[in-house]
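Undergrad: Quick one, start-v2.csv (CSV, C-alpha atoms):
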chain,number,residue,atom,x,y,z
Z,1,MET,CA,0.0,0.0,0.0
Z,2,ALA,CA,1.3,3.4,-0.9
Z,3,GLY,CA,2.9,5.3,1.9
Z,4,SER,CA,0.6,8.3,1.8
Z,5,ILE,CA,-2.5,6.0,1.9
Z,6,SER,CA,-1.0,4.0,4.6
Z,7,GLU,CA,-0.4,7.1,6.7
Z,8,LYS,CA,-4.0,8.3,6.1
Z,9,LEU,CA,-5.3,4.9,7.0
Z,10,GLU,CA,-3.3,4.7,10.3
Z,11,THR,CA,-4.5,8.2,11.2
Z,12,ALA,CA,-8.1,7.2,10.5
Z,13,LEU,CA,-7.9,4.0,12.4
Z,14,GLY,CA,-5.9,5.5,15.3
Z,15,ALA,CA,-3.3,2.7,15.3
Z,16,ALA,CA,-0.4,1.5,13.2
Z,17,ILE,CA,-0.6,-1.5,10.9
Z,18,VAL,CA,1.7,-4.2,12.2
Z,19,ARG,CA,0.7,-7.2,10.1
Z,20,SER,CA,-1.0,-7.9,6.8
Z,21,LYS,CA,-2.3,-11.3,5.7
Z,22,PRO,CA,-3.8,-12.0,2.2
Z,23,LEU,CA,-7.4,-13.2,2.2
Z,24,SER,CA,-9.4,-14.8,-0.7
Z,25,GLY,CA,-11.1,-11.9,-2.4
Z,26,GLY,CA,-12.7,-13.1,-5.5
Z,27,ASP,CA,-11.6,-12.0,-8.9
Z,28,ILE,CA,-11.6,-8.2,-8.8
Z,29,ALA,CA,-9.8,-7.1,-5.7
Z,30,ASP,CA,-6.8,-7.9,-3.5
Z,31,VAL,CA,-8.1,-8.4,0.1
Z,32,SER,CA,-6.0,-8.4,3.2
Z,33,LEU,CA,-6.6,-8.9,6.9
Z,34,LEU,CA,-4.7,-6.1,8.7
Z,35,THR,CA,-3.7,-6.4,12.3
Z,36,LEU,CA,-3.3,-3.1,14.1
Z,37,ALA,CA,-1.0,-2.2,17.0
Z,38,ASP,CA,-3.8,-2.2,19.5
Z,39,GLY,CA,-4.9,-5.8,18.5
Z,40,ARG,CA,-7.8,-4.9,16.3
Z,41,GLN,CA,-8.2,-6.6,12.9
Z,42,VAL,CA,-9.7,-4.9,9.8
Z,43,VAL,CA,-10.1,-5.9,6.2
Z,44,ALA,CA,-8.6,-3.8,3.4
Z,45,LYS,CA,-9.8,-4.2,-0.2
Z,46,ARG,CA,-7.9,-2.8,-3.2
Z,47,PRO,CA,-9.3,-3.2,-6.8
Z,48,ARG,CA,-6.8,-4.8,-9.1
Z,49,MET,CA,-5.2,-2.6,-11.8
Z,50,ASP,CA,-7.4,-4.1,-14.6
Z,51,GLN,CA,-10.6,-3.6,-12.7
Z,52,PRO,CA,-12.8,-0.5,-12.0
Z,53,ASP,CA,-12.4,1.3,-8.7
Z,54,THR,CA,-15.7,0.3,-7.0
Z,55,THR,CA,-14.7,1.3,-3.4
Z,56,ALA,CA,-16.8,4.5,-3.2
Z,57,VAL,CA,-19.9,2.7,-4.4
Z,58,GLU,CA,-19.3,-0.2,-2.1
Z,59,LYS,CA,-19.0,2.2,0.8
Z,60,MET,CA,-22.3,3.8,-0.1
Z,61,MET,CA,-24.0,0.4,-0.5
Z,62,LEU,CA,-22.8,-0.9,2.9
Z,63,LYS,CA,-23.8,2.3,4.6
Z,64,HIS,CA,-27.3,2.2,3.0
Z,65,ILE,CA,-27.9,-1.3,4.2
Z,66,ALA,CA,-26.6,-0.5,7.7
Z,67,SER,CA,-28.8,2.6,8.0
Z,68,LYS,CA,-32.0,1.0,6.7
Z,69,SER,CA,-31.8,-2.6,8.2
Z,70,SER,CA,-30.3,-4.8,10.8
Z,71,LEU,CA,-28.5,-7.0,8.3
Z,72,PRO,CA,-25.0,-7.6,9.7
Z,73,VAL,CA,-22.6,-6.0,7.3
Z,74,PRO,CA,-19.1,-4.7,7.9
Z,75,ASP,CA,-18.6,-1.1,9.2
Z,76,VAL,CA,-16.9,1.2,6.8
Z,77,LEU,CA,-13.8,2.5,8.5
Z,78,PHE,CA,-12.0,4.2,5.7
Z,79,GLN,CA,-12.3,4.8,2.0
Z,80,SER,CA,-10.1,6.6,-0.5
Z,81,LYS,CA,-9.3,6.2,-4.2
Z,82,GLY,CA,-8.4,2.5,-4.7
Z,83,VAL,CA,-8.8,1.4,-1.1
Z,84,LEU,CA,-11.7,0.4,1.2
Z,85,VAL,CA,-11.2,-0.6,4.8
Z,86,LEU,CA,-13.9,-2.5,6.7
Z,87,SER,CA,-14.4,-4.0,10.1
Z,88,TYR,CA,-13.5,-7.7,10.2
Z,89,LEU,CA,-16.4,-10.1,10.9
Z,90,PRO,CA,-15.0,-13.2,12.5
Z,91,HIS,CA,-16.3,-16.4,11.0
Z,92,SER,CA,-15.2,-20.0,11.1
Z,93,GLY,CA,-17.8,-21.7,8.8
Z,94,ALA,CA,-21.1,-23.4,9.5
Z,95,ALA,CA,-21.0,-26.1,12.2
Z,96,ASN,CA,-24.8,-26.6,12.0
Z,97,SER,CA,-26.1,-26.1,8.4
Z,98,GLU,CA,-29.8,-26.1,9.4
Z,99,ALA,CA,-29.2,-23.5,12.1
Z,100,VAL,CA,-27.2,-21.1,9.9
Z,101,ALA,CA,-29.8,-21.5,7.1
Z,102,THR,CA,-32.6,-20.5,9.5
Z,103,ASP,CA,-30.6,-17.6,10.9
Z,104,ALA,CA,-29.8,-16.4,7.3
Z,105,ALA,CA,-33.5,-16.6,6.5
Z,106,ARG,CA,-34.3,-14.4,9.5
Z,107,HIS,CA,-31.7,-11.7,8.4
Z,108,ILE,CA,-32.7,-11.7,4.8
Z,109,ALA,CA,-36.4,-11.6,5.5
Z,110,GLY,CA,-35.7,-8.6,7.7
Z,111,LEU,CA,-33.7,-6.9,4.8
Z,112,HIS,CA,-36.6,-7.5,2.4
Z,113,ALA,CA,-39.0,-5.9,4.8
Z,114,VAL,CA,-37.2,-2.5,4.1
Z,115,ARG,CA,-39.2,-0.5,1.6
Z,116,PRO,CA,-38.2,2.5,-0.5
Z,117,LYS,CA,-39.4,5.9,0.6
Z,118,GLY,CA,-42.6,7.2,-0.8
Z,119,SER,CA,-46.1,5.9,-1.4
Z,120,LYS,CA,-45.7,5.0,-5.1
Z,121,PRO,CA,-44.1,1.7,-6.3
Z,122,PHE,CA,-40.4,2.2,-6.9
Z,123,PHE,CA,-37.9,-0.3,-8.4
Z,124,GLY,CA,-34.2,0.5,-8.8
Z,125,PHE,CA,-32.1,2.9,-6.9
Z,126,ASN,CA,-31.1,6.6,-6.9
Z,127,LYS,CA,-27.8,5.8,-8.6
Z,128,ASP,CA,-26.2,3.0,-10.6
Z,129,THR,CA,-24.2,0.5,-8.7
Z,130,TYR,CA,-22.0,-2.6,-9.4
Z,131,ILE,CA,-22.3,-6.3,-9.2
Z,132,GLY,CA,-18.7,-7.4,-8.8
Z,133,PRO,CA,-16.9,-5.3,-11.4
Z,134,LEU,CA,-19.9,-4.9,-13.8
Z,135,PRO,CA,-22.1,-1.8,-13.9
Z,136,GLN,CA,-25.6,-2.4,-12.6
Z,137,GLN,CA,-28.2,-0.1,-14.1
Z,138,ASN,CA,-30.7,1.1,-11.6
Z,139,LYS,CA,-32.8,3.8,-13.3
Z,140,PRO,CA,-36.0,4.0,-11.2
Z,141,THR,CA,-39.3,2.9,-12.6
Z,142,ASP,CA,-42.7,2.1,-11.2
Z,143,ASN,CA,-43.0,-1.1,-13.3
Z,144,TRP,CA,-41.0,-4.1,-12.0
Z,145,CYS,CA,-41.5,-6.2,-15.1
Z,146,LYS,CA,-40.2,-3.3,-17.3
Z,147,PHE,CA,-37.3,-2.7,-14.9
Z,148,PHE,CA,-36.2,-6.3,-14.9
Z,149,ARG,CA,-36.5,-6.6,-18.7
Z,150,GLU,CA,-34.5,-3.4,-19.5
Z,151,HIS,CA,-32.1,-3.0,-16.6
Z,152,ARG,CA,-31.3,-6.6,-15.7
Z,153,LEU,CA,-32.1,-9.2,-18.4
Z,154,LEU,CA,-31.5,-7.3,-21.6
Z,155,ALA,CA,-28.8,-5.0,-20.2
Z,156,MET,CA,-26.6,-7.9,-19.1
Z,157,ALA,CA,-27.4,-10.2,-22.0
Z,158,GLY,CA,-26.6,-7.4,-24.4
Z,159,SER,CA,-23.3,-6.8,-22.8
Z,160,CYS,CA,-22.5,-10.5,-23.1
Z,161,ALA,CA,-23.4,-10.5,-26.7
Z,162,ARG,CA,-21.4,-7.3,-27.6
Z,163,THR,CA,-18.3,-8.8,-25.9
Z,164,GLY,CA,-18.6,-12.1,-27.7
Z,165,ARG,CA,-19.5,-14.1,-24.6
Z,166,LEU,CA,-23.0,-15.0,-25.7
Z,167,PRO,CA,-23.9,-16.4,-29.2
Z,168,GLN,CA,-26.4,-14.3,-31.2
Z,169,ALA,CA,-28.8,-17.3,-31.3
Z,170,VAL,CA,-29.0,-17.4,-27.5
Z,171,MET,CA,-29.4,-13.6,-27.4
Z,172,THR,CA,-32.3,-13.9,-29.8
Z,173,ARG,CA,-34.0,-16.4,-27.6
Z,174,ILE,CA,-33.5,-14.2,-24.6
Z,175,GLU,CA,-35.1,-11.3,-26.5
Z,176,ASN,CA,-38.1,-13.6,-27.3
Z,177,LEU,CA,-38.4,-14.3,-23.6
Z,178,ALA,CA,-38.1,-10.7,-22.7
Z,179,ASP,CA,-41.1,-9.9,-25.0
Z,180,LYS,CA,-43.2,-12.3,-22.9
Z,181,LEU,CA,-42.1,-11.4,-19.4
Z,182,ASN,CA,-45.4,-9.8,-18.5
Z,183,GLU,CA,-46.9,-13.3,-18.7
Z,184,PHE,CA,-44.6,-14.4,-15.8
Z,185,LEU,CA,-43.6,-11.4,-13.7
Z,186,PRO,CA,-45.7,-9.1,-11.6
Z,187,THR,CA,-45.9,-5.4,-12.5
Z,188,THR,CA,-46.0,-4.0,-9.0
Z,189,PRO,CA,-44.8,-6.5,-6.3
Z,190,ALA,CA,-43.8,-5.2,-3.0
Z,191,SER,CA,-40.4,-3.5,-3.4
Z,192,SER,CA,-37.7,-4.8,-1.1
Z,193,LEU,CA,-34.2,-3.7,-0.4
Z,194,LEU,CA,-32.1,-6.4,-2.1
Z,195,HIS,CA,-28.6,-7.5,-1.2
Z,196,GLY,CA,-28.2,-8.4,-4.9
Z,197,ASP,CA,-25.3,-10.9,-4.8
Z,198,LEU,CA,-26.2,-13.6,-2.3
Z,199,TRP,CA,-23.9,-16.4,-3.3
Z,200,ALA,CA,-22.3,-18.6,-0.7
Z,201,GLY,CA,-19.0,-16.7,-0.6
Z,202,ASN,CA,-20.8,-13.4,0.4
Z,203,MET,CA,-22.6,-15.0,3.3
Z,204,LEU,CA,-20.2,-15.4,6.3
Z,205,MET,CA,-21.3,-18.3,8.6
Z,206,ASP,CA,-20.0,-18.9,12.1
Z,207,GLY,CA,-21.1,-22.0,13.9
Z,208,ASP,CA,-24.9,-21.9,14.1
Z,209,ARG,CA,-25.4,-18.3,12.9
Z,210,ALA,CA,-24.9,-16.0,9.9
Z,211,ALA,CA,-22.1,-13.7,11.0
Z,212,GLY,CA,-22.3,-11.2,8.2
Z,213,PHE,CA,-23.1,-10.4,4.6
Z,214,ILE,CA,-20.5,-8.8,2.3
Z,215,ASP,CA,-20.1,-7.4,-1.3
Z,216,PRO,CA,-23.6,-6.2,-1.9
Z,217,ALA,CA,-25.1,-5.1,-5.2
Z,218,ILE,CA,-28.1,-3.2,-3.9
Z,219,SER,CA,-31.3,-2.0,-5.4
Z,220,TYR,CA,-34.9,-2.1,-4.6
Z,221,GLY,CA,-36.9,-4.8,-6.3
Z,222,HIS,CA,-38.8,-8.0,-6.1
Z,223,ASN,CA,-37.6,-10.0,-3.1
Z,224,GLU,CA,-37.6,-13.2,-5.2
Z,225,MET,CA,-34.4,-11.9,-7.0
Z,226,ASP,CA,-32.4,-12.6,-3.9
Z,227,LEU,CA,-34.2,-15.9,-3.3
Z,228,ALA,CA,-33.4,-17.1,-6.8
Z,229,PHE,CA,-29.8,-16.2,-6.3
Z,230,ILE,CA,-29.6,-18.1,-3.1
Z,231,ASP,CA,-31.3,-21.1,-4.7
Z,232,LEU,CA,-28.7,-21.1,-7.5
Z,233,MET,CA,-25.5,-20.3,-5.7
Z,234,GLY,CA,-26.2,-19.8,-2.0
Z,235,GLY,CA,-25.8,-23.4,-0.7
Z,236,LEU,CA,-28.5,-23.0,2.0
Z,237,GLY,CA,-31.0,-25.6,0.8
Z,238,PRO,CA,-34.7,-26.2,1.6
Z,239,VAL,CA,-34.4,-25.3,5.3
Z,240,PHE,CA,-33.7,-21.7,4.3
Z,241,PHE,CA,-36.8,-21.4,2.1
Z,242,ASP,CA,-39.0,-23.1,4.8
Z,243,ALA,CA,-37.7,-20.6,7.4
Z,244,TYR,CA,-38.0,-17.6,5.1
Z,245,SER,CA,-41.5,-18.5,4.1
Z,246,GLU,CA,-42.6,-18.6,7.7
Z,247,LEU,CA,-41.6,-15.0,8.0
Z,248,THR,CA,-42.4,-13.8,4.5
Z,249,PRO,CA,-44.7,-16.0,2.4
Z,250,ILE,CA,-43.4,-16.9,-1.0
Z,251,ASP,CA,-46.0,-16.4,-3.7
Z,252,ASP,CA,-47.2,-19.3,-5.9
Z,253,GLY,CA,-45.3,-19.7,-9.1
Z,254,PHE,CA,-41.8,-18.8,-7.8
Z,255,PHE,CA,-40.4,-22.3,-7.8
Z,256,GLU,CA,-42.1,-23.2,-11.0
Z,257,ASN,CA,-41.0,-20.4,-13.3
Z,258,ARG,CA,-40.1,-17.0,-11.8
Z,259,LYS,CA,-37.1,-18.5,-10.0
Z,260,LEU,CA,-35.7,-19.6,-13.4
Z,261,ILE,CA,-36.3,-16.2,-14.9
Z,262,TYR,CA,-34.5,-14.4,-12.1
Z,263,GLN,CA,-31.6,-16.9,-12.1
Z,264,LEU,CA,-30.8,-15.7,-15.7
Z,265,TRP,CA,-29.4,-12.5,-14.1
Z,266,PRO,CA,-26.6,-14.1,-12.0
Z,267,LEU,CA,-25.9,-16.6,-14.8
Z,268,LEU,CA,-25.5,-13.8,-17.3
Z,269,VAL,CA,-23.3,-12.0,-14.9
Z,270,HIS,CA,-21.1,-15.1,-14.8
Z,271,VAL,CA,-21.2,-15.4,-18.6
Z,272,ARG,CA,-20.0,-11.8,-18.9
Z,273,LEU,CA,-17.2,-12.4,-16.5
Z,274,PHE,CA,-16.2,-16.0,-17.3
Z,275,GLY,CA,-18.0,-17.3,-20.4
Z,276,GLY,CA,-17.6,-21.1,-20.6
Z,277,GLY,CA,-20.1,-23.4,-19.1
Z,278,TYR,CA,-22.4,-20.7,-17.9
Z,279,VAL,CA,-23.8,-20.2,-21.4
Z,280,SER,CA,-25.1,-23.8,-21.4
Z,281,GLN,CA,-26.8,-23.1,-18.0
Z,282,VAL,CA,-28.5,-20.1,-19.6
Z,283,GLU,CA,-29.6,-22.2,-22.5
Z,284,GLN,CA,-31.0,-24.8,-20.2
Z,285,ILE,CA,-33.2,-22.3,-18.4
Z,286,ILE,CA,-34.5,-20.9,-21.7
Z,287,ASP,CA,-35.3,-24.5,-22.8
Z,288,ASP,CA,-37.1,-25.1,-19.5
Z,289,LEU,CA,-39.2,-22.0,-20.0
Z,290,GLY,CA,-40.1,-23.0,-23.5
Z,291,PHE,CA,-38.3,-20.4,-25.5
Using structure tokens, write down the structure that the file contains.
TA:
Amino acid sequence: MAGSISEKLETALGAAIVRSKPLSGGDIADVSLLTLADGRQVVAKRPRMDQPDTTAVEKMMLKHIASKSSLPVPDVLFQSKGVLVLSYLPHSGAANSEAVATDAARHIAGLHAVRPKGSKPFFGFNKDTYIGPLPQQNKPTDNWCKFFREHRLLAMAGSCARTGRLPQAVMTRIENLADKLNEFLPTTPASSLLHGDLWAGNMLMDGDRAAGFIDPAISYGHNEMDLAFIDLMGGLGPVFFDAYSELTPIDDGFFENRKLIYQLWPLLVHVRLFGGGYVSQVEQIIDDLGF
């Protein structure tokens, strides 16, 4: 870390950095566990040179979640160009899978109970954000089906096609599905605060509880977006959905078709980032939906 940033960081934290240990941080940032002279541990994230600097947006998203909900997220301790420092949330993995799934359901149902301000339906956010290193369009609208079609499904599929990650034949099938989305998706469901990137690596488990949730990609939208993500990549299983539905009933049709439609979003994100086998998963969903 550059000296000037290091000095600013030590001033902000009130203690010198005495040790740095690399942590696994995904594909877009170098992540380190820093030990301070007073014994505290914090996490420093630095975007890699070939990736966008998302630190200011991540700071905003974490602060928004913390101010609006009780979801356990890291405290933002410092942010400057190219560096974000967060409180460390200790976690040692799940010792009781059913208990952590139930606890995660409690936290996520609480997050989804947060509504946007105002009396009119509102989907999106007051600024664009990121999912990983990819821009996430959030232009607000009062029509959820339109929002999902334009700012999630077609926006990411189009990016995949333009960068050669998605064959044109598959893009055409997605466009055909997009034209029929109003047959599957509600226009004005309750609008929930979404984490937006609930895969297993972003849910920190500790023993029998969910210790924290990291790396958000927030917006306001249909709660089923997060549920579909968890079903695809969260690793929590049926216990999670049973516990969640006791707190927030899941409408009929989610498991039959809406789940598949919403899972196209994270799969297309992965197509855009990694290509490969994720294209076949997208095609399988389109097959299952009859397009």
Undergrad: With a cut-off of 7 Å, could you pull out the residues of stretch 73-143 of chain Z touching stretch 226-243 of chain Z and give me the nearest pair of atoms for each, distance in Å to one decimal, using all atoms listed in the file, ordered by chain and ascending number, as a Markdown table?
TA:
| residue | atom | partner | partner_atom | distance |
| --- | --- | --- | --- | --- |
| Z:Glu98 | CA | Z:Val239 | CA | 6.2 |
| Z:Ala101 | CA | Z:Phe240 | CA | 4.8 |
| Z:Thr102 | CA | Z:Phe240 | CA | 5.4 |
| Z:Ala105 | CA | Z:Phe240 | CA | 5.6 |
Undergrad: Step by step, gather every atom of stretch 280-288 of chain Z that the file lists, find the box along x, y and z that holds them, add 4 Å on each side, and finally give centre and edge lengths in Å to one decimal, as lines of an AutoDock Vina configuration file.
TA:
center_x = -31.1
center_y = -22.6
center_z = -20.4
size_x = 20.0
size_y = 13.0
size_z = 12.8
Undergrad: Which residues of stretch 41-89 of chain Z come within 8 Å of stretch 125-133 of chain Z, and what is each one's closest atom pair and distance in Å (one decimal), counting all atoms listed in the file, sorted by chain and residue number, as JSON lines?
TA:
{"residue": "Z:Gln51", "atom": "CA", "partner": "Z:Pro133", "partner_atom": "CA", "distance": 6.7}
{"residue": "Z:Pro52", "atom": "CA", "partner": "Z:Pro133", "partner_atom": "CA", "distance": 6.3}
{"residue": "Z:Thr54", "atom": "CA", "partner": "Z:Pro133", "partner_atom": "CA", "distance": 7.2}
{"residue": "Z:Val57", "atom": "CA", "partner": "Z:Thr129", "partner_atom": "CA", "distance": 6.5}
Undergrad: Report as a ChimeraX atom specification all protein, DNA and RNA residues lying within 10 Å of Z:Val271, evaluated on all atoms listed in the file, omitting residues in the same chain fewer than 5 positions from it.
TA: /Z:156-157,159-161,165-166,265-266,276-282
Undergrad: Around (-21.7, -10.3, 5.1) in the file's own coordinates, what residues are found within 8 Å if you use only C-alpha atoms, given back as a PyMOL selection string?
TA: chain Z and resi 72-74+89+202-204+211-215
Undergrad: Find the residues near Z:Gln41: any atom within 12 Å, counting all atoms listed in the file, skip ones fewer than 4 places away on the same chain, and give them as a VMD selection string.
TA: chain Z and resid 13 15 to 21 32 to 37 77 85 to 90
Undergrad: Work out how far apart atom CA of Z:Asp288 and atom CA of Z:Ile174 are and give it in Å to one decimal.
TA: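 Between atom CA of Z:Asp288 and atom CA of Z:Ile174 the gap works out to 12.6 Å.
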Undergrad: For stretch 51-69 of chain Z, which lacks atoms in the input, supply N, CA and C atoms and format the output as a compact mmCIF listing (two decimals), in the frame of the given file.
TA:
# COMPACT_ATOMS: atom_id res chain seq x y z
N GLN Z 51 -9.22 -3.63 -13.07
CA GLN Z 51 -10.60 -3.60 -12.70
C GLN Z 51 -11.03 -2.19 -12.28
N PRO Z 52 -12.31 -1.86 -12.37
CA PRO Z 52 -12.80 -0.50 -12.00
C PRO Z 52 -12.64 -0.32 -10.47
N ASP Z 53 -12.50 0.92 -10.07
CA ASP Z 53 -12.40 1.30 -8.70
C ASP Z 53 -13.89 1.38 -8.15
N THR Z 54 -14.35 0.36 -7.47
CA THR Z 54 -15.70 0.30 -7.00
C THR Z 54 -15.81 0.67 -5.49
N THR Z 55 -14.71 1.15 -4.90
CA THR Z 55 -14.70 1.30 -3.40
C THR Z 55 -15.69 2.33 -2.94
N ALA Z 56 -15.85 3.46 -3.64
CA ALA Z 56 -16.80 4.50 -3.20
C ALA Z 56 -18.22 3.98 -3.25
N VAL Z 57 -18.54 3.23 -4.30
CA VAL Z 57 -19.90 2.70 -4.40
C VAL Z 57 -20.14 1.62 -3.38
N GLU Z 58 -19.15 0.78 -3.12
CA GLU Z 58 -19.30 -0.20 -2.10
C GLU Z 58 -19.52 0.40 -0.72
N LYS Z 59 -18.78 1.45 -0.44
CA LYS Z 59 -19.00 2.20 0.80
C LYS Z 59 -20.40 2.68 0.93
N MET Z 60 -20.91 3.28 -0.14
CA MET Z 60 -22.30 3.80 -0.10
C MET Z 60 -23.28 2.67 0.11
N MET Z 61 -23.09 1.55 -0.57
CA MET Z 61 -24.00 0.40 -0.50
C MET Z 61 -24.06 -0.14 0.96
N LEU Z 62 -22.89 -0.34 1.53
CA LEU Z 62 -22.80 -0.90 2.90
C LEU Z 62 -23.47 0.08 3.89
N LYS Z 63 -23.22 1.36 3.71
CA LYS Z 63 -23.80 2.30 4.60
C LYS Z 63 -25.33 2.40 4.46
N HIS Z 64 -25.81 2.23 3.24
CA HIS Z 64 -27.30 2.20 3.00
C HIS Z 64 -27.90 1.04 3.72
N ILE Z 65 -27.32 -0.14 3.55
CA ILE Z 65 -27.90 -1.30 4.20
C ILE Z 65 -27.85 -1.12 5.74
N ALA Z 66 -26.73 -0.63 6.27
CA ALA Z 66 -26.60 -0.50 7.70
C ALA Z 66 -27.60 0.55 8.26
N SER Z 67 -27.88 1.58 7.49
CA SER Z 67 -28.80 2.60 8.00
C SER Z 67 -30.25 2.24 7.86
N LYS Z 68 -30.56 1.30 6.96
CA LYS Z 68 -32.00 1.00 6.70
C LYS Z 68 -32.38 -0.37 7.32
N SER Z 69 -31.44 -1.21 7.71
CA SER Z 69 -31.80 -2.60 8.20
C SER Z 69 -30.88 -3.01 9.29
